[in-house]
Protein chains: 2
Amino acid sequence: MTGPRYTALAQTLPATVPFVGPEAQERAQGEGFRARLGANENIFGPSPRAIAALKGASDGIWMYGDPESHDLRQALASHHGIAPPNLVVGEGIDGLLCYLVRLVVEQGDAVVTSEGAYPTFNYHVAGFGGVLHKVPYTDDHEDLPALIARAAEVDAKLVYFANPDNPMGTWVSGDSIKAALDALPDGTLLVLDEAYVEFAPEGTAPDLDIEDPRVIRMRTFSKAYGMAGARVGYAMGATDLIRNFEKIRNHFGMNRAAQAAALEALNDQAWLDTTCRNVAESRETIARIATDNGLSALPSATNFVAIDCGRDGAYAKAVLDGLVARGVFVRMPFVAPQNRCIRVSCGRPEDLAILAQELPKVLAELG
Amino acid sequence: MTGPRYTALAQTLPATVPFVGPEAQERAQGEGFRARLGANENIFGPSPRAIAALKGASDGIWMYGDPESHDLRQALASHHGIAPPNLVVGEGIDGLLCYLVRLVVEQGDAVVTSEGAYPTFNYHVAGFGGVLHKVPYTDDHEDLPALIARAAEVDAKLVYFANPDNPMGTWVSGDSIKAALDALPDGTLLVLDEAYVEFAPEGTAPDLDIEDPRVIRMRTFSKAYGMAGARVGYAMGATDLIRNFEKIRNHFGMNRAAQAAALEALNDQAWLDTTCRNVAESRETIARIATDNGLSALPSATNFVAIDCGRDGAYAKAVLDGLVARGVFVRMPFVAPQNRCIRVSCGRPEDLAILAQELPKVLAELG
């Protein structure tokens with residue numbers, strides 16, 4: 001009596017999770033975090049109209065969501081000045097990255113990303129047997145020309161590039177992305193992860209022809225729209241590329257209330273503007289807390305700030321551990337030299353007051 | 001400037017959807033359905049406690065869900081008398097079937113199911129390049145001994161068996177499943193889809209050792225618990241099998257409000273009992289409507305009833321089309337001879353009154 005026969009690939013994969021959730025840390029510590037500033041969630045929350053939509057959809061939760069996400073796709077297409085066939089809605093960017101990798105990556109295929117960039121993308125690439133080639137950051141920025149040059153060397157099927165970047169918060173201009181595309185090898189798809197782009201300065205999102213077959217753009221309601229727990233993301237690209245998702249996606253995978261809430265969130269752009277102002281203020285406060293403690297903050301176009309702790313990764317990790325032990329949930333970059341930093345998500349004044357209170361104690365303890 | 005290089009498999013897949021949603025039909029018809037009785041949704045809805053949990057979680061939707069679904073898994077494990085490592089929560093049974101197929105099925109691998117059984121399972125098998133072998137129903141029942149015999153012939157990695165069955169609503173005893181397992185070939189995993197089992201008579205779910213490596217069981221909050229739009233399912237099985245899901249699942253794929261609501265739904269077993277009584281009454285009403293119109297209803301252990309229209313598939317399709325045109329959303333089996341039936345989901349008296357009103361008109365038109 002034996003168990004199932006797993007695929008050769010599945011047998012080689014580790015049981016792993018790209019991130020440990022804060023709830024698991026709270027269970028381990030036996031108490032809740034006082035400030036939840038680690039997962040780049042948007043504590044300012046979604047539009048009240050989106051919350052009302054969630055509540056309004058509760059009584060109808062017995063119904064499956066529309067597998068076409070028709071109304072949301074129509075609204076998103078209109079918002080972006082594209083057509084609905086240029087757009088697929090999915091279970092967050094994480095879910096869409098999984099589908100994309102599955103469509104494109106066969107075992108042994110090369111994929112290029114930055115050393116220390118989004119681990120969930122790497123998880124999906126490994127999960128389909130892709131071979132990751134990693135390019136270092138340049139001055140704390142993901143380096144698109146270097147990524148593209150590496151893609152040409154290794155004949156990559158995908159190049160991942162987040163703009164703005166996570167975990168550093170840095171960004172490049174949309175025009176520089178557009179210019180870099182000239183060097184993209186034929187048959188290499190640029191995965192442009194724009195999860196944080198609503199927080200970024202005008203001109204950060206490149207002005208591209210939506211039918212350009214070289215790029216797919218990933219967007220989300222988890223960050224600026226404040227609905228991480230709802231799991232709504234979308235990908236934009238050429239019609240033929242988007243149509244391919246219909247071959248494999250979980251058509252009935254969307255939460256019905258989340259679809260309704262995303263539509264309302266999109267329709268409340270005034271709330272988005274308010275959120276972005278709140279986030280900008282919060283970034284300044286985090287930077288001030290850093291400098292008040294003799295540390296420095298990196299400029300950020302996101303809803304988080306990388307604080308340079310000024311020494312090595314072990315020291316930053318000690319700062320992080322100290323904060324976590326004191327009830328402040330934060331995370332940090334995985335690899336050197338970015339791991340000299342801790343990463344603090346934006347929060348309300350009362351959340352950042354706790355950070356301001358605890359950080360000097362942690363630093364004093366460490367000496 | 002070319003597009004992405006899709007996998008060889010992706011290039012062969014059709015862009016398809018296992019089911020067209022009722023919303024798409026409503027858009028095509030230009031008006032809403034008067035009775036939504038086609039998708040085996042549970043119109044009696046979830047526990048009021050679950051709805052309260054959805055609303056209560058709305059303000060916290062800015063937070064990601066717990067990637068471990070810890071509290072829900074603890075409660076489910078306790079409910080089933082198993083340990084949390086025997087249980088994985090996922091984005092509905094559809095999402096879990098996708099993960100399972102991905103773990104086990106390589107291109108060319110054999111998989112066995114019934115001719116006319118759940119198409120979404122087939123969609124996932126095809127999506128990973130598996131080769132489907134289909135066994136006919138026997139007397140409108142999925143035939144487990146025949147499925148297992150075929151599995152032995154073709155060296156299948158998976159055998160899919162739904163008990164109760166969809167779309168016919170038939171069922172077999174848990175003891176007969178247990179007995180059939182003796183013939184299951186080594187290295188073949190039985191996928192026991194128990195989506196509707198809460199509606200079924202005592203003894204329909206087999207009493208199996210949870211560490212038996214030959215079986216994985218799929219359960220859902222979409223049917224008896226009335227939360228199809230929330231997307232919460234779970235799989236139960238041997239620790240080692242369940243651990244394999246950690247290699248590939250979308251750890252942050254669960255909607256946070258849905259996790260909270262599922263926990264409350266589980267904790268309100270009195271509501272579940274009431275739902276099952278409502279559904280049983282509704283089945284009787286549907287059967288009476290059928291016989292009042294000279295048709296016959298199949299016995300059902302689910303929240304739907306297959307009505308035998310007494311002629312061939314073309315006739316049943318005409319009955320279905322007539323109902324749909326009159327605002328009654330129903331579906332029907334895909335293959336002969338089951339496609340002599342239409343499938344009507346249980347509804348409230350007011351929903352079934354519309355069916356009772358429209359069915360005779362449709363039959364009169366068809367003559």
# chains A, B, ... in the order shown; residues from 1 in each chain; ligands from 1
>>> closest_atom_pairs(of="chain B", to="chain A", cutoff="6 Å", atoms="only C-alpha atoms", output="tab-separated table")
residue	atom	partner	partner_atom	distance
B:Met1	CA	A:Asp186	CA	5.9
B:Thr2	CA	A:Gly187	CA	5.7
B:Gly3	CA	A:Pro213	CA	4.6
B:Pro4	CA	A:Gly187	CA	5.0
B:Arg5	CA	A:Gly187	CA	5.7
B:Tyr6	CA	A:Val104	CA	4.3
B:Thr7	CA	A:Val104	CA	5.1
B:Ala10	CA	A:Leu103	CA	5.7
B:Pro14	CA	A:Lys247	CA	5.7
B:Ala15	CA	A:Lys247	CA	4.3
B:Thr16	CA	A:Lys247	CA	5.8
B:Glu41	CA	A:Met63	CA	6.0
B:Asn42	CA	A:Trp62	CA	5.8
B:Gly45	CA	A:Trp62	CA	5.2
B:Ile51	CA	A:Ser58	CA	5.8
B:Lys55	CA	A:Lys55	CA	5.0
B:Ser58	CA	A:Ile51	CA	5.8
B:Ile61	CA	A:Gly229	CA	4.7
B:Trp62	CA	A:Met227	CA	4.5
B:Met63	CA	A:Gly229	CA	5.1
B:Tyr64	CA	A:Gly229	CA	4.1
B:Gly65	CA	A:Gly229	CA	5.4
B:Leu103	CA	A:Tyr6	CA	5.7
B:Val104	CA	A:Tyr6	CA	4.3
B:Glu106	CA	A:Thr7	CA	5.9
B:Asp186	CA	A:Thr2	CA	5.8
B:Gly187	CA	A:Pro4	CA	5.0
B:Thr188	CA	A:Pro4	CA	6.0
B:Leu189	CA	A:Pro4	CA	5.4
B:Pro213	CA	A:Gly3	CA	4.5
B:Arg214	CA	A:Gly3	CA	5.8
B:Gly226	CA	A:Trp62	CA	4.9
B:Met227	CA	A:Trp62	CA	4.5
B:Ala228	CA	A:Tyr64	CA	5.0
B:Gly229	CA	A:Tyr64	CA	4.1
B:Ala230	CA	A:Asn255	CA	5.0
B:Arg231	CA	A:Asn255	CA	6.0
B:Glu246	CA	A:Ala15	CA	4.9
B:Lys247	CA	A:Ala15	CA	4.2
B:Asn255	CA	A:Ala230	CA	5.0
B:Arg256	CA	A:Gly229	CA	4.8
>>> residues_around(residues="A:Glu365", least_positions_apart="2", cutoff="12 Å", atoms="only C-alpha atoms", output="list in words")
Tyr315, Ala318, Val319, Asp321, Gly322, Leu323, Glu358, Leu359, Pro360, Lys361, Val362, Leu363 and Gly367 of chain A
>>> select_by_dssp(residues="stretch 199-300 of chain A", states="strand (DSSP E or B)", output="PyMOL selection string")
chain A and resi 215-220+233-236+296-297
>>> atom_distance(atom1="atom CA of A:Glu142", atom2="atom CA of A:Asn163")
8.2 Å
>>> select_by_dssp(residues="stretch 44-156 of chain B", states="alpha helix (DSSP H)", output="ChimeraX atom specification")
/B:48-58,70-80,92-104,119-127,144-154
>>> closest_residue(among="A:Lys178, A:Arg326, A:Arg219, A:Arg150", to="A:Tyr196", atoms="only C-alpha atoms")
A:Arg219
>>> atom_distance(atom1="atom CA of B:Pro201", atom2="atom CA of B:Ala260")
28.3 Å
>>> atom_distance(atom1="atom CA of B:Thr302", atom2="atom CA of B:Pro84")
27.4 Å
>>> closest_residue(among="A:Val154, A:Met236, A:Ala325, A:Val344", to="A:Glu194", atoms="only C-alpha atoms")
A:Met236
>>> residues_around(residues="A:Gln338", least_positions_apart="6", cutoff="12 Å", atoms="only C-alpha atoms", output="list of chain:residue names")
A:Ser114, A:Glu115, A:Gly116, A:Ala117, A:Pro136, A:Tyr137, A:Thr138, A:Asp139, A:Asp140, A:His141, A:Glu142, A:Asn166, A:Pro167, A:Met168, A:Gly169, A:Thr170, A:Leu298, A:Ala306, A:Ile307, A:Asp308, A:Cys309, A:Gly310, A:Arg311, A:Asp312, A:Gly313, A:Ala314, A:Ala316, A:Lys317, A:Met332
>>> write_last_selection(atoms="N, CA and C atoms", output="PDB file, in the first residue's frame")
ATOM      1  N   SER A 114      16.156  39.680 -10.306  1.00  0.00           N
ATOM      2  CA  SER A 114      17.205  40.319  -9.521  1.00  0.00           C
ATOM      3  C   SER A 114      17.463  39.525  -8.246  1.00  0.00           C
ATOM      4  N   GLU A 115      18.699  39.533  -7.835  1.00  0.00           N
ATOM      5  CA  GLU A 115      19.100  38.855  -6.593  1.00  0.00           C
ATOM      6  C   GLU A 115      18.480  39.592  -5.404  1.00  0.00           C
ATOM      7  N   GLY A 116      17.467  38.959  -4.795  1.00  0.00           N
ATOM      8  CA  GLY A 116      16.802  39.607  -3.663  1.00  0.00           C
ATOM      9  C   GLY A 116      15.448  40.203  -4.005  1.00  0.00           C
ATOM     10  N   ALA A 117      14.996  40.021  -5.245  1.00  0.00           N
ATOM     11  CA  ALA A 117      13.668  40.519  -5.630  1.00  0.00           C
ATOM     12  C   ALA A 117      12.584  39.541  -5.175  1.00  0.00           C
ATOM     13  N   PRO A 136      22.538  41.127  -9.762  1.00  0.00           N
ATOM     14  CA  PRO A 136      22.553  41.972  -8.559  1.00  0.00           C
ATOM     15  C   PRO A 136      21.850  43.312  -8.790  1.00  0.00           C
ATOM     16  N   TYR A 137      21.363  43.885  -7.708  1.00  0.00           N
ATOM     17  CA  TYR A 137      20.879  45.268  -7.742  1.00  0.00           C
ATOM     18  C   TYR A 137      22.068  46.188  -8.048  1.00  0.00           C
ATOM     19  N   THR A 138      21.768  47.327  -8.631  1.00  0.00           N
ATOM     20  CA  THR A 138      22.767  48.369  -8.822  1.00  0.00           C
ATOM     21  C   THR A 138      22.329  49.575  -8.002  1.00  0.00           C
ATOM     22  N   ASP A 139      23.123  49.937  -7.022  1.00  0.00           N
ATOM     23  CA  ASP A 139      22.758  51.077  -6.161  1.00  0.00           C
ATOM     24  C   ASP A 139      21.337  50.925  -5.607  1.00  0.00           C
ATOM     25  N   ASP A 140      21.027  49.746  -5.143  1.00  0.00           N
ATOM     26  CA  ASP A 140      19.712  49.456  -4.540  1.00  0.00           C
ATOM     27  C   ASP A 140      18.547  49.526  -5.523  1.00  0.00           C
ATOM     28  N   HIS A 141      18.844  49.559  -6.806  1.00  0.00           N
ATOM     29  CA  HIS A 141      17.801  49.530  -7.828  1.00  0.00           C
ATOM     30  C   HIS A 141      17.877  48.207  -8.601  1.00  0.00           C
ATOM     31  N   GLU A 142      16.723  47.631  -8.943  1.00  0.00           N
ATOM     32  CA  GLU A 142      16.708  46.585  -9.954  1.00  0.00           C
ATOM     33  C   GLU A 142      17.224  47.215 -11.254  1.00  0.00           C
ATOM     34  N   ASN A 166      10.354  46.153  -4.809  1.00  0.00           N
ATOM     35  CA  ASN A 166      10.208  45.644  -3.454  1.00  0.00           C
ATOM     36  C   ASN A 166      11.364  44.674  -3.271  1.00  0.00           C
ATOM     37  N   PRO A 167      12.179  44.750  -2.252  1.00  0.00           N
ATOM     38  CA  PRO A 167      11.984  45.394  -0.949  1.00  0.00           C
ATOM     39  C   PRO A 167      12.632  46.766  -0.769  1.00  0.00           C
ATOM     40  N   MET A 168      13.242  47.373  -1.782  1.00  0.00           N
ATOM     41  CA  MET A 168      13.999  48.594  -1.511  1.00  0.00           C
ATOM     42  C   MET A 168      13.170  49.856  -1.673  1.00  0.00           C
ATOM     43  N   GLY A 169      12.088  49.787  -2.451  1.00  0.00           N
ATOM     44  CA  GLY A 169      11.243  50.966  -2.629  1.00  0.00           C
ATOM     45  C   GLY A 169      11.720  51.906  -3.726  1.00  0.00           C
ATOM     46  N   THR A 170      12.816  51.518  -4.382  1.00  0.00           N
ATOM     47  CA  THR A 170      13.381  52.365  -5.430  1.00  0.00           C
ATOM     48  C   THR A 170      12.592  52.215  -6.730  1.00  0.00           C
ATOM     49  N   LEU A 298      15.975  55.136   2.725  1.00  0.00           N
ATOM     50  CA  LEU A 298      16.092  55.242   1.272  1.00  0.00           C
ATOM     51  C   LEU A 298      14.852  55.938   0.715  1.00  0.00           C
ATOM     52  N   ALA A 306      12.747  51.435   3.148  1.00  0.00           N
ATOM     53  CA  ALA A 306      13.913  50.673   3.588  1.00  0.00           C
ATOM     54  C   ALA A 306      14.783  51.592   4.435  1.00  0.00           C
ATOM     55  N   ILE A 307      15.000  51.166   5.669  1.00  0.00           N
ATOM     56  CA  ILE A 307      15.862  51.933   6.577  1.00  0.00           C
ATOM     57  C   ILE A 307      17.227  51.269   6.611  1.00  0.00           C
ATOM     58  N   ASP A 308      18.233  52.048   6.222  1.00  0.00           N
ATOM     59  CA  ASP A 308      19.617  51.558   6.205  1.00  0.00           C
ATOM     60  C   ASP A 308      20.140  51.596   7.635  1.00  0.00           C
ATOM     61  N   CYS A 309      20.419  50.404   8.185  1.00  0.00           N
ATOM     62  CA  CYS A 309      20.868  50.337   9.572  1.00  0.00           C
ATOM     63  C   CYS A 309      22.373  50.591   9.702  1.00  0.00           C
ATOM     64  N   GLY A 310      23.033  50.766   8.578  1.00  0.00           N
ATOM     65  CA  GLY A 310      24.388  51.300   8.592  1.00  0.00           C
ATOM     66  C   GLY A 310      25.487  50.288   8.828  1.00  0.00           C
ATOM     67  N   ARG A 311      25.107  49.028   9.059  1.00  0.00           N
ATOM     68  CA  ARG A 311      26.153  48.012   9.244  1.00  0.00           C
ATOM     69  C   ARG A 311      25.818  46.822   8.347  1.00  0.00           C
ATOM     70  N   ASP A 312      26.094  45.624   8.773  1.00  0.00           N
ATOM     71  CA  ASP A 312      25.884  44.467   7.896  1.00  0.00           C
ATOM     72  C   ASP A 312      24.508  43.839   8.104  1.00  0.00           C
ATOM     73  N   GLY A 313      24.285  42.729   7.413  1.00  0.00           N
ATOM     74  CA  GLY A 313      22.999  42.057   7.491  1.00  0.00           C
ATOM     75  C   GLY A 313      22.717  41.502   8.877  1.00  0.00           C
ATOM     76  N   ALA A 314      23.747  41.056   9.553  1.00  0.00           N
ATOM     77  CA  ALA A 314      23.539  40.508  10.895  1.00  0.00           C
ATOM     78  C   ALA A 314      23.029  41.589  11.840  1.00  0.00           C
ATOM     79  N   ALA A 316      21.352  44.396  10.938  1.00  0.00           N
ATOM     80  CA  ALA A 316      19.970  44.732  10.573  1.00  0.00           C
ATOM     81  C   ALA A 316      19.010  43.658  11.083  1.00  0.00           C
ATOM     82  N   LYS A 317      19.455  42.415  10.992  1.00  0.00           N
ATOM     83  CA  LYS A 317      18.608  41.312  11.476  1.00  0.00           C
ATOM     84  C   LYS A 317      18.378  41.433  12.987  1.00  0.00           C
ATOM     85  N   MET A 332      12.697  42.398   6.229  1.00  0.00           N
ATOM     86  CA  MET A 332      13.941  42.950   5.705  1.00  0.00           C
ATOM     87  C   MET A 332      14.338  42.232   4.421  1.00  0.00           C
TER      88      MET A 332
END
>>> residues_around(residues="B:Tyr234", least_positions_apart="3", cutoff="7 Å", atoms="only C-alpha atoms", output="PyMOL selection string")
chain B and resi 87-90+93+218-220
>>> residues_around(residues="B:Phe33", least_positions_apart="4", cutoff="7 Å", atoms="only C-alpha atoms", output="PyMOL selection string")
chain B and resi 26+327-329
>>> write_last_selection(atoms="N, CA and C atoms", output="compact mmCIF listing (two decimals), in the first residue's frame")
# COMPACT_ATOMS: atom_id res chain seq x y z
N GLU B 26 -26.93 35.85 -18.68
CA GLU B 26 -27.81 37.01 -18.43
C GLU B 26 -27.42 38.18 -19.32
N GLY B 327 -36.21 32.45 -18.05
CA GLY B 327 -35.63 33.03 -16.84
C GLY B 327 -35.30 32.05 -15.74
N VAL B 328 -35.29 30.75 -16.09
CA VAL B 328 -34.95 29.74 -15.09
C VAL B 328 -33.59 29.14 -15.45
N PHE B 329 -32.59 29.48 -14.66
CA PHE B 329 -31.23 28.98 -14.91
C PHE B 329 -31.11 27.55 -14.40
>>> closest_residue(among="B:Leu144, B:Ala200, B:Ala152, B:Ala110", to="B:Ser176", atoms="only C-alpha atoms")
B:Leu144
